[in-house]
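Q: Pasting upload-v4.cif below, which is mmCIF, C-alpha atoms and all ligand atoms.
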```cif
data_entry
loop_
_atom_site.group_PDB
_atom_site.id
_atom_site.type_symbol
_atom_site.label_atom_id
_atom_site.label_comp_id
_atom_site.auth_asym_id
_atom_site.auth_seq_id
_atom_site.Cartn_x
_atom_site.Cartn_y
_atom_site.Cartn_z
ATOM 1 C CA MET O 1 82.791 106.478 84.699
ATOM 2 C CA LEU O 2 83.939 103.198 83.283
ATOM 3 C CA THR O 3 84.385 100.180 85.557
ATOM 4 C CA ILE O 4 86.812 97.441 84.547
ATOM 5 C CA ALA O 5 87.645 94.236 86.391
ATOM 6 C CA LYS O 6 89.470 92.247 83.721
ATOM 7 C CA THR O 7 93.230 92.628 83.202
ATOM 8 C CA SER O 8 92.932 92.348 79.405
ATOM 9 C CA GLU O 9 90.344 95.160 79.282
ATOM 10 C CA LEU O 10 92.451 97.372 81.525
ATOM 11 C CA ARG O 11 95.492 96.823 79.301
ATOM 12 C CA GLN O 12 93.516 97.835 76.195
ATOM 13 C CA TYR O 13 92.225 100.964 77.931
ATOM 14 C CA ILE O 14 95.736 101.971 79.081
ATOM 15 C CA VAL O 15 97.278 101.373 75.645
ATOM 16 C CA ALA O 16 94.668 103.730 74.145
ATOM 17 C CA LEU O 17 95.349 106.408 76.787
ATOM 18 C CA LYS O 18 99.105 106.203 76.286
ATOM 19 C CA ARG O 19 98.663 106.489 72.528
ATOM 20 C CA GLN O 20 96.783 109.748 73.082
ATOM 21 C CA GLY O 21 99.579 111.066 75.340
ATOM 22 C CA VAL O 22 97.198 111.390 78.265
ATOM 23 C CA ARG O 23 98.691 112.045 81.726
ATOM 24 C CA VAL O 24 97.287 109.358 84.027
ATOM 25 C CA GLY O 25 96.657 109.970 87.734
ATOM 26 C CA PHE O 26 96.144 106.958 89.986
ATOM 27 C CA VAL O 27 94.696 106.445 93.471
ATOM 28 C CA PRO O 28 94.935 102.868 94.787
ATOM 29 C CA THR O 29 92.490 102.049 97.605
ATOM 30 C CA MET O 30 90.870 99.171 99.431
ATOM 31 C CA GLY O 31 87.457 100.778 99.103
ATOM 32 C CA TYR O 32 84.809 101.726 101.666
ATOM 33 C CA LEU O 33 85.655 105.240 100.628
ATOM 34 C CA HIS O 34 85.559 108.321 102.801
ATOM 35 C CA GLU O 35 86.558 111.981 102.428
ATOM 36 C CA GLY O 36 90.226 111.031 102.923
ATOM 37 C CA HIS O 37 90.175 108.896 99.782
ATOM 38 C CA LEU O 38 88.177 111.514 97.885
ATOM 39 C CA SER O 39 90.709 114.205 98.806
ATOM 40 C CA LEU O 40 93.370 112.057 97.086
ATOM 41 C CA VAL O 41 91.140 111.743 94.016
ATOM 42 C CA ARG O 42 90.846 115.550 93.886
ATOM 43 C CA LEU O 43 94.620 115.899 94.185
ATOM 44 C CA ALA O 44 95.045 113.389 91.342
ATOM 45 C CA LYS O 45 92.556 115.304 89.196
ATOM 46 C CA GLY O 46 94.518 118.492 89.779
ATOM 47 C CA CYS O 47 97.707 117.048 88.313
ATOM 48 C CA SER O 48 96.568 114.689 85.542
ATOM 49 C CA ASP O 49 94.207 114.426 82.545
ATOM 50 C CA LYS O 50 92.489 111.164 83.510
ATOM 51 C CA VAL O 51 92.054 109.660 86.960
ATOM 52 C CA ILE O 52 91.992 105.949 87.670
ATOM 53 C CA VAL O 53 90.978 104.620 91.100
ATOM 54 C CA SER O 54 91.449 100.997 92.066
ATOM 55 C CA ILE O 55 89.496 99.165 94.733
ATOM 56 C CA PHE O 56 91.067 95.925 95.866
ATOM 57 C CA VAL O 57 91.096 94.491 99.368
ATOM 58 C CA ASN O 58 94.568 93.023 99.133
ATOM 59 C CA PRO O 59 94.689 89.689 101.010
ATOM 60 C CA THR O 60 98.499 89.574 101.237
ATOM 61 C CA GLN O 61 98.742 92.681 103.405
ATOM 62 C CA PHE O 62 96.524 91.299 106.169
ATOM 63 C CA ASN O 63 98.552 89.403 108.727
ATOM 64 C CA ASP O 64 95.324 88.724 110.646
ATOM 65 C CA PRO O 65 92.742 86.670 108.657
ATOM 66 C CA GLN O 66 89.963 87.971 110.945
ATOM 67 C CA ASP O 67 90.871 91.540 110.015
ATOM 68 C CA TYR O 68 90.685 90.617 106.313
ATOM 69 C CA ALA O 69 87.354 88.871 106.750
ATOM 70 C CA LYS O 70 85.911 91.868 108.594
ATOM 71 C CA TYR O 71 87.193 94.534 106.178
ATOM 72 C CA PRO O 72 84.131 96.629 105.156
ATOM 73 C CA ILE O 73 83.026 96.517 101.506
ATOM 74 C CA ASP O 74 80.365 98.575 99.692
ATOM 75 C CA LEU O 75 81.136 98.729 95.982
ATOM 76 C CA PRO O 76 77.833 100.346 94.834
ATOM 77 C CA ARG O 77 78.297 103.227 97.290
ATOM 78 C CA ASP O 78 81.996 103.644 96.393
ATOM 79 C CA SER O 79 81.071 103.656 92.724
ATOM 80 C CA ARG O 80 78.538 106.448 93.265
ATOM 81 C CA LEU O 81 81.052 108.555 95.197
ATOM 82 C CA LEU O 82 83.701 108.179 92.496
ATOM 83 C CA GLU O 83 81.175 108.993 89.780
ATOM 84 C CA GLN O 84 80.379 112.233 91.638
ATOM 85 C CA GLU O 85 84.100 113.054 91.660
ATOM 86 C CA GLN O 86 84.174 112.501 87.886
ATOM 87 C CA VAL O 87 86.703 109.723 88.067
ATOM 88 C CA ASP O 88 87.381 108.286 84.610
ATOM 89 C CA LEU O 89 87.984 104.655 85.440
ATOM 90 C CA LEU O 90 87.290 102.437 88.423
ATOM 91 C CA TYR O 91 89.475 99.334 88.364
ATOM 92 C CA THR O 92 88.216 96.455 90.513
ATOM 93 C CA PRO O 93 90.489 93.455 89.940
ATOM 94 C CA SER O 94 89.582 90.071 91.378
ATOM 95 C CA ARG O 95 91.909 88.279 93.761
ATOM 96 C CA GLU O 96 92.548 85.587 91.135
ATOM 97 C CA SER O 97 93.466 88.103 88.442
ATOM 98 C CA LEU O 98 96.241 89.622 90.580
ATOM 99 C CA TYR O 99 97.435 86.525 92.437
ATOM 100 C CA GLY O 100 97.406 83.389 90.287
ATOM 101 C CA SER O 101 97.726 80.026 92.014
ATOM 102 C CA ASP O 102 101.469 80.021 91.267
ATOM 103 C CA PHE O 103 102.235 83.565 92.468
ATOM 104 C CA GLN O 104 105.787 83.788 93.861
ATOM 105 C CA SER O 105 107.330 87.214 93.200
ATOM 106 C CA TRP O 106 107.449 89.683 96.058
ATOM 107 C CA VAL O 107 108.689 93.247 96.494
ATOM 108 C CA GLU O 108 110.208 94.121 99.854
ATOM 109 C CA VAL O 109 111.560 97.509 100.890
ATOM 110 C CA ALA O 110 114.010 96.034 103.358
ATOM 111 C CA GLU O 111 114.856 98.768 105.865
ATOM 112 C CA LEU O 112 111.801 100.998 105.947
ATOM 113 C CA CYS O 113 109.456 98.077 106.596
ATOM 114 C CA ARG O 114 111.393 96.741 109.591
ATOM 115 C CA GLU O 115 109.962 98.746 112.485
ATOM 116 C CA HIS O 116 106.680 100.232 113.719
ATOM 117 C CA GLU O 117 103.783 98.881 111.575
ATOM 118 C CA GLY O 118 106.200 96.410 109.970
ATOM 119 C CA ALA O 119 107.145 94.889 113.326
ATOM 120 C CA ALA O 120 103.568 94.927 114.614
ATOM 121 C CA ARG O 121 102.157 93.372 111.436
ATOM 122 C CA PRO O 122 104.683 90.901 109.982
ATOM 123 C CA GLY O 123 104.420 90.612 106.186
ATOM 124 C CA HIS O 124 102.059 93.587 105.937
ATOM 125 C CA PHE O 125 104.339 95.876 103.955
ATOM 126 C CA ARG O 126 105.581 93.080 101.709
ATOM 127 C CA GLY O 127 101.944 92.638 100.691
ATOM 128 C CA VAL O 128 101.475 96.390 100.225
ATOM 129 C CA SER O 129 104.616 97.011 98.150
ATOM 130 C CA THR O 130 103.960 93.935 96.015
ATOM 131 C CA VAL O 131 100.376 94.833 95.160
ATOM 132 C CA VAL O 132 101.250 98.495 94.540
ATOM 133 C CA ALA O 133 104.092 97.447 92.194
ATOM 134 C CA MET O 134 101.645 95.174 90.370
ATOM 135 C CA LEU O 135 99.048 97.953 90.100
ATOM 136 C CA PHE O 136 101.691 100.421 88.860
ATOM 137 C CA ASN O 137 102.689 97.942 86.127
ATOM 138 C CA LEU O 138 99.068 97.484 85.082
ATOM 139 C CA VAL O 139 97.844 101.092 85.293
ATOM 140 C CA GLN O 140 101.136 102.756 84.256
ATOM 141 C CA PRO O 141 100.307 106.043 85.961
ATOM 142 C CA ASP O 142 102.305 109.238 85.530
ATOM 143 C CA VAL O 143 101.366 110.294 89.037
ATOM 144 C CA ALA O 144 100.031 108.308 92.004
ATOM 145 C CA VAL O 145 98.605 109.808 95.192
ATOM 146 C CA PHE O 146 99.044 108.302 98.664
ATOM 147 C CA GLY O 147 97.840 109.577 102.040
ATOM 148 C CA GLU O 148 100.067 110.763 104.873
ATOM 149 C CA LYS O 149 97.621 108.984 107.180
ATOM 150 C CA ASP O 150 99.630 105.806 106.491
ATOM 151 C CA PHE O 151 102.968 107.536 106.778
ATOM 152 C CA GLN O 152 105.233 104.480 106.860
ATOM 153 C CA GLN O 153 103.407 103.058 103.844
ATOM 154 C CA LEU O 154 103.862 106.346 101.978
ATOM 155 C CA ARG O 155 107.612 106.373 102.669
ATOM 156 C CA ILE O 156 107.903 102.726 101.598
ATOM 157 C CA ILE O 157 106.156 103.429 98.291
ATOM 158 C CA GLU O 158 108.336 106.500 97.695
ATOM 159 C CA GLN O 159 111.449 104.390 98.332
ATOM 160 C CA MET O 160 110.215 101.567 96.089
ATOM 161 C CA VAL O 161 109.517 103.994 93.227
ATOM 162 C CA GLU O 162 112.999 105.441 93.589
ATOM 163 C CA ASP O 163 114.824 102.110 93.970
ATOM 164 C CA LEU O 164 112.992 100.226 91.223
ATOM 165 C CA LYS O 165 112.869 103.212 88.846
ATOM 166 C CA PHE O 166 109.131 103.305 88.335
ATOM 167 C CA PRO O 167 108.587 106.165 85.852
ATOM 168 C CA LEU O 168 106.071 108.061 87.949
ATOM 169 C CA GLU O 169 105.715 110.753 90.556
ATOM 170 C CA ILE O 170 104.300 110.177 94.043
ATOM 171 C CA VAL O 171 102.142 112.958 95.477
ATOM 172 C CA ARG O 172 101.430 113.115 99.217
ATOM 173 C CA GLY O 173 97.887 113.799 100.445
ATOM 174 C CA PRO O 174 97.475 115.364 103.906
ATOM 175 C CA THR O 175 95.434 113.401 106.477
ATOM 176 C CA VAL O 176 91.734 114.255 106.389
ATOM 177 C CA ARG O 177 90.054 114.264 109.796
ATOM 178 C CA GLU O 178 86.514 114.232 111.137
ATOM 179 C CA ALA O 179 85.333 117.612 112.487
ATOM 180 C CA ASP O 180 86.445 116.567 115.987
ATOM 181 C CA GLY O 181 89.933 115.510 114.851
ATOM 182 C CA LEU O 182 89.676 111.717 114.487
ATOM 183 C CA ALA O 183 91.652 110.645 111.401
ATOM 184 C CA MET O 184 89.251 109.232 108.815
ATOM 185 C CA SER O 185 89.649 105.513 108.271
ATOM 186 C CA SER O 186 87.562 102.746 106.733
ATOM 187 C CA ARG O 187 88.016 100.972 110.057
ATOM 188 C CA ASN O 188 86.206 103.712 112.017
ATOM 189 C CA VAL O 189 82.836 102.095 111.196
ATOM 190 C CA ARG O 190 83.858 99.199 113.419
ATOM 191 C CA LEU O 191 84.164 101.463 116.474
ATOM 192 C CA SER O 192 81.429 100.861 119.037
ATOM 193 C CA LYS O 193 79.430 103.781 120.444
ATOM 194 C CA ALA O 194 81.593 103.732 123.555
ATOM 195 C CA ALA O 195 84.827 103.456 121.550
ATOM 196 C CA ARG O 196 84.173 106.454 119.297
ATOM 197 C CA PRO O 197 84.858 109.139 121.987
ATOM 198 C CA ALA O 198 87.808 107.090 123.255
ATOM 199 C CA ALA O 199 89.288 107.037 119.714
ATOM 200 C CA LEU O 200 89.334 110.823 119.792
ATOM 201 C CA LEU O 201 92.051 110.699 122.458
ATOM 202 C CA LEU O 202 94.543 109.553 119.792
ATOM 203 C CA SER O 203 94.386 112.752 117.757
ATOM 204 C CA GLN O 204 93.988 114.881 120.883
ATOM 205 C CA GLY O 205 97.219 113.417 122.215
ATOM 206 C CA LEU O 206 99.019 114.120 118.935
ATOM 207 C CA PHE O 207 97.723 117.691 118.766
ATOM 208 C CA SER O 208 98.735 118.333 122.363
ATOM 209 C CA ALA O 209 102.252 116.998 121.727
ATOM 210 C CA ARG O 210 102.531 119.159 118.617
ATOM 211 C CA THR O 211 101.575 122.231 120.666
ATOM 212 C CA SER O 212 104.202 121.336 123.221
ATOM 213 C CA PHE O 213 106.753 120.847 120.394
ATOM 214 C CA ALA O 214 105.883 124.265 118.965
ATOM 215 C CA ALA O 215 106.441 125.737 122.423
ATOM 216 C CA GLY O 216 109.995 124.349 122.439
ATOM 217 C CA GLN O 217 109.771 120.753 123.675
ATOM 218 C CA LYS O 218 112.181 118.748 121.489
ATOM 219 C CA ASN O 219 112.642 115.745 123.777
ATOM 220 C CA ALA O 220 111.005 112.712 122.141
ATOM 221 C CA ALA O 221 110.302 110.854 125.408
ATOM 222 C CA ARG O 222 108.461 113.903 126.773
ATOM 223 C CA LEU O 223 106.467 114.338 123.565
ATOM 224 C CA CYS O 224 105.488 110.640 123.639
ATOM 225 C CA ALA O 225 104.569 110.915 127.327
ATOM 226 C CA THR O 226 102.150 113.724 126.436
ATOM 227 C CA VAL O 227 100.398 111.394 123.984
ATOM 228 C CA GLN O 228 100.460 108.445 126.404
ATOM 229 C CA ASP O 229 98.834 110.645 129.014
ATOM 230 C CA PHE O 230 95.832 111.073 126.693
ATOM 231 C CA LEU O 231 95.700 107.369 125.784
ATOM 232 C CA GLU O 232 95.599 106.417 129.458
ATOM 233 C CA ARG O 233 92.398 108.392 129.949
ATOM 234 C CA SER O 234 90.294 105.531 128.583
ATOM 235 C CA SER O 235 90.373 101.884 129.663
ATOM 236 C CA LEU O 236 89.159 100.991 126.144
ATOM 237 C CA ILE O 237 92.528 102.031 124.702
ATOM 238 C CA ASN O 238 95.384 99.593 124.441
ATOM 239 C CA PRO O 239 98.391 101.461 122.983
ATOM 240 C CA GLU O 240 100.812 99.534 120.805
ATOM 241 C CA TYR O 241 103.458 102.185 120.205
ATOM 242 C CA VAL O 242 103.959 105.933 120.363
ATOM 243 C CA ARG O 243 107.211 107.133 118.774
ATOM 244 C CA VAL O 244 108.958 110.136 117.318
ATOM 245 C CA VAL O 245 110.661 109.120 114.080
ATOM 246 C CA ASP O 246 112.805 110.717 111.403
ATOM 247 C CA GLU O 247 110.683 111.839 108.414
ATOM 248 C CA GLN O 248 112.987 110.151 105.929
ATOM 249 C CA ASP O 249 114.402 106.902 107.361
ATOM 250 C CA LEU O 250 111.725 106.425 110.068
ATOM 251 C CA LYS O 251 114.355 105.678 112.718
ATOM 252 C CA THR O 252 113.221 106.379 116.270
ATOM 253 C CA LEU O 253 114.572 109.692 117.565
ATOM 254 C CA GLU O 254 115.420 110.825 121.082
ATOM 255 C CA LEU O 255 115.672 114.477 120.185
ATOM 256 C CA VAL O 256 113.955 116.352 117.355
ATOM 257 C CA LYS O 257 116.496 118.495 115.567
ATOM 258 C CA ASP O 258 114.725 119.372 112.358
ATOM 259 C CA ARG O 259 111.534 117.714 111.146
ATOM 260 C CA ALA O 260 110.028 114.539 112.529
ATOM 261 C CA ARG O 261 106.814 112.517 112.711
ATOM 262 C CA LEU O 262 105.027 111.521 115.849
ATOM 263 C CA ILE O 263 103.444 108.153 115.030
ATOM 264 C CA LEU O 264 101.167 105.879 117.015
ATOM 265 C CA ALA O 265 99.143 102.679 116.870
ATOM 266 C CA ALA O 266 96.530 101.637 119.411
ATOM 267 C CA PHE O 267 93.662 99.245 119.778
ATOM 268 C CA VAL O 268 90.459 101.063 120.691
ATOM 269 C CA ASP O 269 87.955 98.547 122.006
ATOM 270 C CA GLY O 270 89.552 95.913 119.746
ATOM 271 C CA VAL O 271 89.802 98.079 116.613
ATOM 272 C CA ARG O 272 93.379 98.825 115.584
ATOM 273 C CA LEU O 273 93.886 102.468 114.587
ATOM 274 C CA ILE O 274 96.987 104.381 113.477
ATOM 275 C CA ASP O 275 97.611 108.096 113.291
ATOM 276 C CA ASN O 276 100.545 110.482 113.010
ATOM 277 C CA ILE O 277 101.390 114.148 112.927
ATOM 278 C CA GLU O 278 104.221 116.241 111.543
ATOM 279 C CA LEU O 279 106.560 117.959 113.982
ATOM 280 C CA GLY O 280 108.478 120.687 112.235
ATOM 281 C CA ALA O 281 107.785 123.138 109.502
ATOM 282 C CA ARG O 282 104.028 123.317 110.045
ATOM 283 C CA ALA O 283 104.015 122.644 113.810
HETATM 284 P P1 LIG O 301 93.149 102.345 102.084
HETATM 285 O O1 LIG O 301 91.867 102.237 101.358
HETATM 286 O O2 LIG O 301 93.010 102.376 103.566
HETATM 287 O O3 LIG O 301 94.187 101.357 101.600
HETATM 288 O O4 LIG O 301 93.744 103.768 101.725
HETATM 289 C C1 LIG O 301 93.932 104.176 100.399
HETATM 290 C C2 LIG O 301 94.672 105.486 100.388
HETATM 291 O O5 LIG O 301 93.925 106.455 101.109
HETATM 292 C C3 LIG O 301 96.058 105.393 101.072
HETATM 293 O O6 LIG O 301 96.974 106.168 100.318
HETATM 294 C C4 LIG O 301 95.788 106.002 102.417
HETATM 295 O O7 LIG O 301 96.927 106.578 103.019
HETATM 296 C C5 LIG O 301 94.772 107.069 102.068
HETATM 297 N N1 LIG O 301 93.996 107.499 103.240
HETATM 298 C C6 LIG O 301 93.351 106.709 104.130
HETATM 299 N N2 LIG O 301 92.787 107.463 105.103
HETATM 300 C C7 LIG O 301 93.089 108.750 104.804
HETATM 301 C C8 LIG O 301 92.803 109.997 105.421
HETATM 302 N N3 LIG O 301 92.086 110.088 106.546
HETATM 303 N N4 LIG O 301 93.283 111.128 104.855
HETATM 304 C C9 LIG O 301 94.020 111.070 103.712
HETATM 305 N N5 LIG O 301 94.317 109.920 103.078
HETATM 306 C C10 LIG O 301 93.863 108.777 103.616
#
```
Could I get this structure in the form of structure tokens?
A:
Amino acid sequence: MLTIAKTSELRQYIVALKRQGVRVGFVPTMGYLHEGHLSLVRLAKGCSDKVIVSIFVNPTQFNDPQDYAKYPIDLPRDSRLLEQEQVDLLYTPSRESLYGSDFQSWVEVAELCREHEGAARPGHFRGVSTVVAMLFNLVQPDVAVFGEKDFQQLRIIEQMVEDLKFPLEIVRGPTVREADGLAMSSRNVRLSKAARPAALLLSQGLFSARTSFAAGQKNAARLCATVQDFLERSSLINPEYVRVVDEQDLKTLELVKDRARLILAAFVDGVRLIDNIELGARA
């Protein structure tokens, strides 16, 4: 596996790939990799000739400087994991190479970023869509893989690709969970010993609501109440929102007619976690 940090070197590498007609698969990440990230790498491998993974902790998507400062980093370990997955190129740009001192162009997906994570973390999605647009321009992938774990982010990227005519396909990767159901996240390492079992209540609540949906419950308030009931079982949990939203426009629903997503965000002993589950076809 090749590792490149410099923009000029990346450009040379991409020009050579394009000349050979190679189909490029891309997985952008912020590192501290886990099985969730690796599942996206495997998906990318399955639909491309060469796989490029980027690791960049993007400062502009952190609305809380403390959160940015505390974001876990372990490049040697990540590198080893990607090597094992036979990734072709690891791209590790520096902050300066992506954001010069005079940076002033932003991408904003106006409607989809308004609510939920967008409201809770002002500026977050502007940072995400901008850096992803930049990475797409640099890497020029034919296919890019994003996780359903960050469902609003996934929808925003899909919308951006459609609106701005990026010539690539977005593939969705299902959420990978720990054996007990907790959605894998780089932030999970920050959970204290006491917080870890409490964090489990998030996925348990979602699973329980999905069961109730499958048994005929289509009322969003009732489905959310099922989740809330789980979250209230631990004093370490401070819920931020629990909502049923439309799969496409992410508007909050009162009644599920077709397919929907049950989404939530909660602080667990000070660590902010998000999770979601599909209500519909697979429920
Ligand atoms: P991050 O490093 O958190 O920016 O995530 C990079 C990519 O991995 C994003 O597309 C995420 O949605 C995806 N991802 C994060 N956690 C998981 C997970 N548990 N299962 C599947 N994909 C994930």
Q: Can you list, as a PyMOL selection string, every protein, DNA or RNA residue that comes within 12 Å of O:Tyr13 when you count all atoms listed in the file, leaving out same-chain residues fewer than 3 positions away?
A: chain O and resi 2-10+16-20+22+24+50+52+88-91+138-140
Q: Excluding O:Gly36 and residues on its chain fewer than 6 positions from it, collect all residues at most 9 Å away from it, counting all atoms listed in the file, and give them as a PyMOL selection string.
A: chain O and resi 147+149+173-177+183-185
Q: Evaluate the PyMOL selection byres (((not hetatm)) within 9 of (chain O and resi 301)) on the structure here and hand back the selected residues as a PyMOL selection string.
A: chain O and resi 27-40+55-58+128+145-151+153-154+172-178+182-187+275
Q: O:Ala120, O:Ala265, O:Ala198, O:Leu236: which is nearest O:Phe62, counting all atoms listed in the file?
A: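 Smallest distance to O:Phe62 is found for O:Ala120.
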Q: Which of these residues is nearest to O:Ser97, using all atoms listed in the file: O:Lys218, O:Leu135, O:Val143, O:Lys45?
A: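 Smallest distance to O:Ser97 is found for O:Leu135.
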Q: Nearest to O:Ala221: which of O:Val53, O:Glu278, O:Gly205, O:Leu255 is it, counting all atoms listed in the file?
A: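 Ranking O:Val53, O:Glu278, O:Gly205, O:Leu255 by distance to O:Ala221, first place goes to O:Leu255.
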Q: To one decimal place, how far is atom CA of O:Phe125 from atom CA of O:Asp246 in Å?
A: 18.6 Å
Q: Padding 4 Å on each side, edges along x, y and z: where is the centre of the box around the listed atoms of stretch 89-105 of chain O, and how long are its edges in Å to one decimal? Output it as lines of an AutoDock Vina configuration file.
A:
```
center_x = 97.3
center_y = 92.3
center_z = 89.7
size_x = 28.0
size_y = 32.6
size_z = 16.4
```
Q: Between atom CA of O:Asn276 and atom CA of O:Gln66, what distance in Å does the model show, to one decimal?
A: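 Computed distance, atom CA of O:Asn276 to atom CA of O:Gln66, equals 25.0 Å.
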Q: Determine the residue set returned by the PyMOL selection byres (((chain O and resi 259) around 10) and not hetatm) for the present structure, and present it as a VMD selection string.
A: chain O and resid 245 to 248 256 to 258 260 to 261 278 to 283
Q: Between atom CA of O:Ala199 and atom CA of O:Phe213, what is the spacing in Å?
A: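 Distance reported for this atom pair: 22.3 Å.
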Q: Of the candidates O:Gly270, O:Leu164, O:Gln104, O:Val51, which shows the shortest atom-to-atom distance to O:Leu82, using all atoms listed in the file?
A: O:Val51
Q: Measuring between all atoms listed in the file, which one of O:Glu254, O:Glu85, O:Glu108, O:Glu96 shows the shortest distance to O:Ser129?
A: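 Once distances to O:Ser129 are computed over all atoms listed in the file, the minimum belongs to O:Glu108.
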Q: What does the PyMOL selection byres (((chain O and resi 200) around 12) and not hetatm) select in this file, as an NGL selection string?
A: :O and (177-184 or 188 or 191 or 194-199 or 201-207 or 227 or 230-231 or 233-234 or 236-237 or 266 or 268 or 273-275)
Q: Using all atoms listed in the file, which of O:Ala209, O:Leu262, O:Val189, O:Val171 sits nearest O:Lys70?
A: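 Checking each candidate against O:Lys70, we get O:Val189 as the closest.
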